[in-house]
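Pasting model38.txt here (compact mmCIF, C-alpha atoms):
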# COMPACT_ATOMS: atom_id res chain seq x y z
CA ASP V 1 0.00 0.00 0.00
CA ILE V 2 2.82 2.39 0.80
CA ILE V 3 4.32 1.97 -2.68
CA SER V 4 1.00 2.09 -4.54
CA ARG V 5 0.06 5.40 -2.94
CA GLN V 6 3.16 7.18 -4.20
CA GLU V 7 2.71 9.59 -7.10
CA ALA V 8 5.88 8.18 -8.68
CA THR V 9 4.14 4.80 -8.88
CA ALA V 10 1.08 6.39 -10.44
CA ARG V 11 3.22 8.16 -13.04
CA PHE V 12 5.14 4.99 -13.86
CA ILE V 13 1.92 3.02 -14.41
CA ALA V 14 0.36 5.89 -16.37
CA ARG V 15 3.26 6.12 -18.82
CA HIS V 16 3.23 2.38 -19.39
CA LEU V 17 -0.52 2.41 -20.10
CA TYR V 18 -0.15 5.39 -22.42
CA THR V 19 2.69 3.73 -24.32
CA PHE V 20 0.83 0.44 -24.72
CA PHE V 21 -2.58 1.81 -25.67
CA VAL V 22 -2.17 5.33 -27.03
CA ALA V 23 1.12 6.48 -28.54
CA ASP V 24 4.83 5.79 -28.54
CA GLU V 25 6.78 7.33 -25.67
CA PRO V 26 10.52 7.63 -24.99
CA GLN V 27 12.07 4.38 -23.78
CA VAL V 28 11.68 3.58 -20.07
CA PRO V 29 15.33 4.31 -19.10
CA ALA V 30 14.86 7.87 -20.36
CA TRP V 31 11.75 8.62 -18.33
CA SER V 32 13.72 10.23 -15.52
CA ILE V 33 15.07 12.88 -17.90
CA GLN V 34 12.52 13.03 -20.74
CA PRO V 35 9.02 14.34 -20.04
CA PRO V 36 5.95 12.64 -21.55
CA ASN V 37 4.93 13.57 -25.07
CA ASP V 38 1.46 14.39 -23.73
CA PRO V 39 1.89 15.61 -20.13
CA ASP V 40 -1.81 16.42 -19.73
CA ALA V 41 -2.86 12.88 -20.65
CA ILE V 42 -0.36 11.36 -18.25
CA GLN V 43 -1.52 13.71 -15.49
CA ASP V 44 -5.14 12.65 -16.05
CA LEU V 45 -4.13 9.02 -15.51
CA VAL V 46 -2.01 9.92 -12.48
CA ASP V 47 -4.94 11.80 -10.96
CA ALA V 48 -7.25 8.84 -11.63
CA TRP V 49 -4.81 6.55 -9.82
CA MET V 50 -4.39 8.82 -6.82
CA GLU V 51 -8.06 9.72 -6.36
CA SER V 52 -9.17 6.07 -6.62
CA ASP V 53 -6.60 4.79 -4.13
CA ALA V 54 -4.67 2.91 -6.83
CA ASP V 55 -7.67 1.26 -8.49
CA ILE V 56 -6.31 0.16 -11.88
CA ARG V 57 -9.86 -0.40 -13.16
CA HIS V 58 -10.65 3.28 -12.64
CA VAL V 59 -7.43 4.32 -14.35
CA VAL V 60 -8.12 2.15 -17.40
CA GLU V 61 -11.72 3.38 -17.54
CA THR V 62 -10.48 6.97 -17.44
CA MET V 63 -8.12 6.25 -20.31
CA LEU V 64 -10.71 4.45 -22.45
CA LYS V 65 -13.19 7.32 -22.08
CA SER V 66 -10.62 10.03 -22.80
CA ASP V 67 -10.31 12.05 -26.00
CA PHE V 68 -6.62 11.25 -26.26
CA PHE V 69 -7.44 7.54 -26.42
CA LYS V 70 -10.30 7.95 -28.90
CA GLU V 71 -8.05 10.02 -31.16
CA ALA V 72 -5.12 7.61 -30.89
CA ARG V 73 -4.56 6.43 -34.44
CA MET V 74 -1.33 6.12 -36.40
CA LYS V 75 0.65 7.09 -33.30
CA ARG V 76 2.43 3.82 -32.59
CA VAL V 77 4.93 1.99 -34.79
CA LYS V 78 3.65 -1.54 -35.26
CA SER V 79 5.73 -4.17 -33.52
CA PRO V 80 6.93 -6.94 -35.86
CA THR V 81 4.23 -9.21 -34.42
CA ASN V 82 1.48 -6.67 -35.03
CA PHE V 83 2.87 -5.87 -38.47
CA VAL V 84 2.88 -9.51 -39.60
CA ALA V 85 -0.57 -10.11 -38.08
CA ASN V 86 -1.91 -7.03 -39.86
CA VAL V 87 -0.57 -8.18 -43.23
CA LEU V 88 -1.94 -11.70 -42.75
CA LYS V 89 -5.33 -10.29 -41.76
CA ILE V 90 -5.47 -8.21 -44.94
CA SER V 91 -4.39 -11.18 -47.05
CA GLY V 92 -7.25 -13.30 -45.74
CA ASP V 93 -4.90 -16.12 -44.77
CA TYR V 94 -5.03 -17.73 -41.34
CA ARG V 95 -8.47 -16.61 -40.23
CA ASP V 96 -8.01 -19.11 -37.42
CA VAL V 97 -4.96 -20.45 -35.60
CA ASP V 98 -3.68 -23.13 -37.94
CA VAL V 99 -0.63 -25.10 -38.96
CA GLY V 100 1.78 -22.84 -40.77
CA LEU V 101 1.75 -19.81 -38.51
CA GLU V 102 4.95 -21.03 -36.86
CA THR V 103 6.79 -20.47 -40.14
CA PHE V 104 6.61 -16.72 -39.57
CA GLN V 105 8.89 -16.89 -36.53
CA GLY V 106 11.90 -16.34 -38.78
CA THR V 107 10.18 -13.34 -40.35
CA LEU V 108 9.69 -11.79 -36.92
CA VAL V 109 13.33 -12.38 -35.99
CA ALA V 110 14.44 -10.66 -39.19
CA MET V 111 12.26 -7.71 -38.22
CA GLY V 112 13.84 -7.53 -34.78
CA GLN V 113 11.53 -9.48 -32.45
CA THR V 114 11.95 -13.01 -31.13
CA LEU V 115 8.67 -14.03 -29.52
CA MET V 116 8.88 -15.03 -25.85
CA ASP V 117 12.52 -13.95 -25.76
CA PRO V 118 12.85 -10.20 -25.11
CA PRO V 119 16.37 -8.78 -24.89
CA SER V 120 15.98 -8.04 -21.16
CA VAL V 121 13.47 -8.06 -18.31
CA GLU V 122 12.57 -4.57 -19.45
CA GLY V 123 11.12 -6.05 -22.63
CA TRP V 124 11.59 -4.78 -26.15
CA HIS V 125 12.44 -1.20 -26.99
CA THR V 126 9.37 -0.19 -28.94
CA GLY V 127 8.36 2.73 -31.12
CA LYS V 128 10.89 4.13 -33.56
CA GLU V 129 13.47 1.63 -32.37
CA TRP V 130 11.64 -1.09 -34.29
CA ILE V 131 12.73 0.63 -37.48
CA ASP V 132 16.15 0.76 -39.09
CA GLY V 133 17.35 0.27 -42.66
CA GLY V 134 17.37 -3.51 -42.39
CA THR V 135 14.12 -4.07 -40.51
CA LEU V 136 12.23 -1.57 -42.68
CA THR V 137 13.32 -3.46 -45.79
CA GLU V 138 12.15 -6.73 -44.23
CA ARG V 139 8.78 -5.24 -43.35
CA VAL V 140 8.15 -3.72 -46.77
CA ASN V 141 9.29 -6.85 -48.61
CA PHE V 142 7.05 -9.08 -46.48
CA ALA V 143 4.00 -6.87 -47.06
CA VAL V 144 4.64 -6.53 -50.79
CA ASN V 145 5.34 -10.23 -51.35
CA THR V 146 2.26 -11.28 -49.37
CA LEU V 147 -0.21 -8.76 -50.75
CA SER V 148 0.78 -8.92 -54.41
CA ASP V 149 -0.69 -12.42 -54.73
CA PRO V 150 -4.19 -12.23 -56.28
CA SER V 151 -4.96 -15.80 -55.18
CA LYS V 152 -5.14 -14.71 -51.54
CA PRO V 153 -8.75 -14.12 -50.42
CA GLY V 154 -8.14 -10.66 -49.01
CA VAL V 155 -6.27 -9.45 -52.08
CA ARG V 156 -8.98 -10.86 -54.35
CA ALA V 157 -11.57 -9.00 -52.25
CA ILE V 158 -9.81 -5.69 -52.95
CA ILE V 159 -9.69 -6.38 -56.68
CA ASP V 160 -13.35 -7.41 -56.70
CA ALA V 161 -14.35 -4.28 -54.76
CA VAL V 162 -12.65 -2.10 -57.36
CA GLU V 163 -14.29 -4.01 -60.22
CA ASP V 164 -17.67 -3.56 -58.51
CA LEU V 165 -17.33 0.24 -58.52
CA GLU V 166 -19.81 2.06 -60.70
CA ALA V 167 -18.33 3.53 -63.85
CA PRO V 168 -16.30 5.56 -64.26
CA ARG V 169 -13.77 3.82 -62.02
CA THR V 170 -11.65 6.90 -61.44
CA PRO V 171 -8.23 6.69 -59.79
CA GLU V 172 -9.55 8.65 -56.80
CA LYS V 173 -12.31 6.09 -56.20
CA VAL V 174 -9.90 3.19 -56.57
CA VAL V 175 -7.37 4.66 -54.12
CA GLU V 176 -10.13 5.14 -51.53
CA VAL V 177 -11.18 1.49 -51.89
CA VAL V 178 -7.62 0.21 -51.58
CA LEU V 179 -6.92 2.30 -48.48
CA GLU V 180 -10.20 1.18 -46.90
CA TYR V 181 -9.36 -2.49 -47.39
CA LEU V 182 -5.85 -2.00 -46.02
CA CYS V 183 -7.35 -1.79 -42.53
CA ARG V 184 -8.57 1.76 -43.22
CA LEU V 185 -5.07 3.04 -43.81
CA ASP V 186 -5.06 6.67 -42.69
CA ALA V 187 -2.80 8.13 -45.36
CA ASP V 188 -2.02 11.84 -45.28
CA ASP V 189 -2.86 14.13 -48.20
CA GLU V 190 0.62 13.94 -49.70
CA THR V 191 0.57 10.13 -49.74
CA LYS V 192 -2.94 10.01 -51.20
CA GLU V 193 -1.92 12.47 -53.89
CA ALA V 194 1.08 10.31 -54.81
CA LEU V 195 -1.09 7.18 -55.00
CA VAL V 196 -3.71 8.93 -57.13
CA GLU V 197 -1.01 10.34 -59.40
CA HIS V 198 0.37 6.84 -59.93
CA ALA V 199 -3.13 5.49 -60.56
CA TYR V 200 -3.76 8.17 -63.20
CA GLU V 201 -0.92 6.82 -65.33
CA GLY V 202 -3.33 4.29 -66.84
CA GLY V 203 -6.50 6.38 -66.86
CA ASP V 204 -9.78 4.91 -65.62
CA PHE V 205 -9.67 1.31 -64.40
CA ASP V 206 -11.21 -0.82 -67.12
CA GLY V 207 -9.63 -3.83 -68.82
CA ASP V 208 -6.40 -4.05 -66.80
CA THR V 209 -7.90 -3.62 -63.34
CA GLU V 210 -6.24 -6.56 -61.56
CA GLU V 211 -2.67 -5.71 -62.51
CA ARG V 212 -3.07 -2.03 -61.71
CA VAL V 213 -4.77 -2.67 -58.36
CA LEU V 214 -1.93 -5.00 -57.37
CA ARG V 215 0.61 -2.30 -58.18
CA LEU V 216 -1.39 0.20 -56.15
CA ILE V 217 -1.53 -2.17 -53.17
CA THR V 218 2.24 -2.68 -53.23
CA LEU V 219 2.77 1.08 -53.28
CA ALA V 220 0.32 1.65 -50.43
CA VAL V 221 1.92 -0.95 -48.15
CA SER V 222 5.32 0.61 -48.84
CA THR V 223 4.24 3.97 -47.41
CA ARG V 224 5.31 5.42 -44.09
CA GLU V 225 1.74 5.27 -42.79
CA PHE V 226 1.54 1.50 -43.16
CA GLN V 227 4.19 1.16 -40.45
CA PHE V 228 1.87 2.74 -37.87
CA GLU V 229 -1.24 1.67 -35.99

Could you take the file, read its structure, and then write that structure out as structure tokens?
Amino acid sequence: DIISRQEATARFIARHLYTFFVADEPQVPAWSIQPPNDPDAIQDLVDAWMESDADIRHVVETMLKSDFFKEARMKRVKSPTNFVANVLKISGDYRDVDVGLETFQGTLVAMGQTLMDPPSVEGWHTGKEWIDGGTLTERVNFAVNTLSDPSKPGVRAIIDAVEDLEAPRTPEKVVEVVLEYLCRLDADDETKEALVEHAYEGGDFDGDTEERVLRLITLAVSTREFQFE
């Protein structure tokens, strides 16, 4: 009880919750010298802890009802595990736990995460530290190789959705469909403009829809935004 009633404990718990559920924070060893990215949000969680006598349920409820949680999108770099799971979900493969999932262990290791074997008791260093030249290449290659296969159910669903669009199938409409199917990828205006510009190279989507949609998918999953959740 003595420890749980300390504000330092409340702040430590609050920053961990914020990092896990809301947005990337500096790494734990830096917390003593680096302030939170959102001090007001952390203070709200600290206050919830202190006023509830260290009731974690109240703290989590406060977080889940907060604006900063509801607006938390594209603020955390996907861990290798989340990245691979996201790509497999889009592809339509492995809707259930099945034989074959274990083959992706090597993929995760190449991206910098060995499941059940963190580098220390502190766990993995998350956020931007997931990304370097090598791991980014692994991530992009995995996404492109997986989602450029039209035989996969999820990829076929994207192609079919584009083909089901009412004429004219303009590049703008097609880009919106592709982004929606890529787990509602929240691309910024510059990225959308680049995707639309690429899509315009072939005019409206008519006879060569499948090939052009596949190219658009590979471009979209190579964007900066696809690395975030």

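Proximity of V:Cys183, V:Val177, V:Leu115, V:Ile13 to V:Asp164, computed with only C-alpha atoms, is greatest for V:Val177.
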
As a PyMOL selection string, please: the residues near V:Ser4 (cut-off 9 Å, all atoms listed in the file, same-chain neighbours under 6 positions excluded). chain V and resi 10+50+53-54

Within 9 Å of stretch 206-213 of chain V, counting all atoms listed in the file, which residues show up once you throw out same-chain ones fewer than 4 positions away? Write them as an MDAnalysis selection string, please. chainID V and resid 150 156 158:160 162:163 167:169 174:175 178 199 202 217:218

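Remark: for V:Thr103, the closest of the candidate residues V:Ile90, V:Val121, V:Val84, V:Leu147 is V:Val84 (distances computed over all atoms listed in the file).
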
Which residue gives the smallest distance to V:Trp124 among V:Lys152, V:Thr223, V:Thr81, V:Ile56, with only C-alpha atoms counted?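 When distances to V:Trp124 are compared using only C-alpha atoms, the smallest one comes from V:Thr81.
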
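Atom CA of V:Lys75 lies 9.8 Å from atom CA of V:Thr19.
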
Which neighbours of V:Ala187 fall inside 8 Å, counting all atoms listed in the file, when residues of the same chain fewer than 5 positions from it are skipped, and could you give them as a PyMOL selection string? chain V and resi 179+192+225

Taking (12.0, 4.3, -32.2) in the coordinates of the supplied file, I want to know which residues reach to within 10 Å of it, counting all atoms listed in the file; could you give the answer as a list in words?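 The requested residues, written out, are Asp24, Glu25, Pro26, Gln27, Arg76, Val77, His125, Thr126, Gly127, Lys128, Glu129, Trp130, Ile131 and Asp132 of chain V.
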
Output the selection as a PDB file, in the frame of the given file - C-alpha atoms for each residue.
ATOM      1  CA  ASP V  24       4.830   5.790 -28.540  1.00  0.00           C
ATOM      2  CA  GLU V  25       6.780   7.330 -25.670  1.00  0.00           C
ATOM      3  CA  PRO V  26      10.520   7.630 -24.990  1.00  0.00           C
ATOM      4  CA  GLN V  27      12.070   4.380 -23.780  1.00  0.00           C
ATOM      5  CA  ARG V  76       2.430   3.820 -32.590  1.00  0.00           C
ATOM      6  CA  VAL V  77       4.930   1.990 -34.790  1.00  0.00           C
ATOM      7  CA  HIS V 125      12.440  -1.200 -26.990  1.00  0.00           C
ATOM      8  CA  THR V 126       9.370  -0.190 -28.940  1.00  0.00           C
ATOM      9  CA  GLY V 127       8.360   2.730 -31.120  1.00  0.00           C
ATOM     10  CA  LYS V 128      10.890   4.130 -33.560  1.00  0.00           C
ATOM     11  CA  GLU V 129      13.470   1.630 -32.370  1.00  0.00           C
ATOM     12  CA  TRP V 130      11.640  -1.090 -34.290  1.00  0.00           C
ATOM     13  CA  ILE V 131      12.730   0.630 -37.480  1.00  0.00           C
ATOM     14  CA  ASP V 132      16.150   0.760 -39.090  1.00  0.00           C
TER      15      ASP V 132
END

Would you mind telling me which residue in V:Phe142, V:Gly123, V:Ala157, V:Asp204 lies nearest to V:Pro171 when using all atoms listed in the file? V:Asp204

re atom CA of V:Phe68 and atom CA of V:Phe228: distance 16.7 Å

Using Å and a single decimal, report how far atom CA of V:Ala85 sits from atom CA of V:Ala14.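 Distance between the two atoms: 27.0 Å.
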
Could you tell me which of V:Ala161, V:Ala41, V:Val144, V:Ala110 comes closest to V:Leu219 if we count all atoms listed in the file?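 Looking only at the distances to V:Leu219, the closest residue turns out to be V:Val144.
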
Just checking: using all atoms listed in the file, which residue out of V:Thr137, V:Ser120, V:Asn37, V:Thr9 ends up closest to V:Gln227? V:Thr137

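Proximity to V:Leu88 at 12 Å, evaluated using all atoms listed in the file and with sequence-adjacent residues fewer than 3 positions away removed, yields V:Thr81, V:Asn82, V:Phe83, V:Val84, V:Ala85, V:Ser91, V:Gly92, V:Asp93, V:Tyr94, V:Arg95, V:Asp96, V:Val97, V:Gly100, V:Leu101, V:Phe104, V:Phe142, V:Ala143, V:Val144, V:Asn145, V:Thr146, V:Leu147, V:Lys152, V:Pro153, V:Gly154, V:Val155, V:Leu182, V:Cys183.
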
Could you list, as a list of chain:residue names, every residue within 8 Å of V:Pro36, counting only C-alpha atoms and ignoring same-chain residues fewer than 2 positions away? V:Arg15, V:Glu25, V:Pro26, V:Trp31, V:Gln34, V:Asp38, V:Pro39, V:Ile42

Using all atoms listed in the file - which residues lie no farther than 12 Å from the point (17.9, -4.9, -42.2) in the file's frame? Write them as a PyMOL selection string. chain V and resi 107-112+130-141
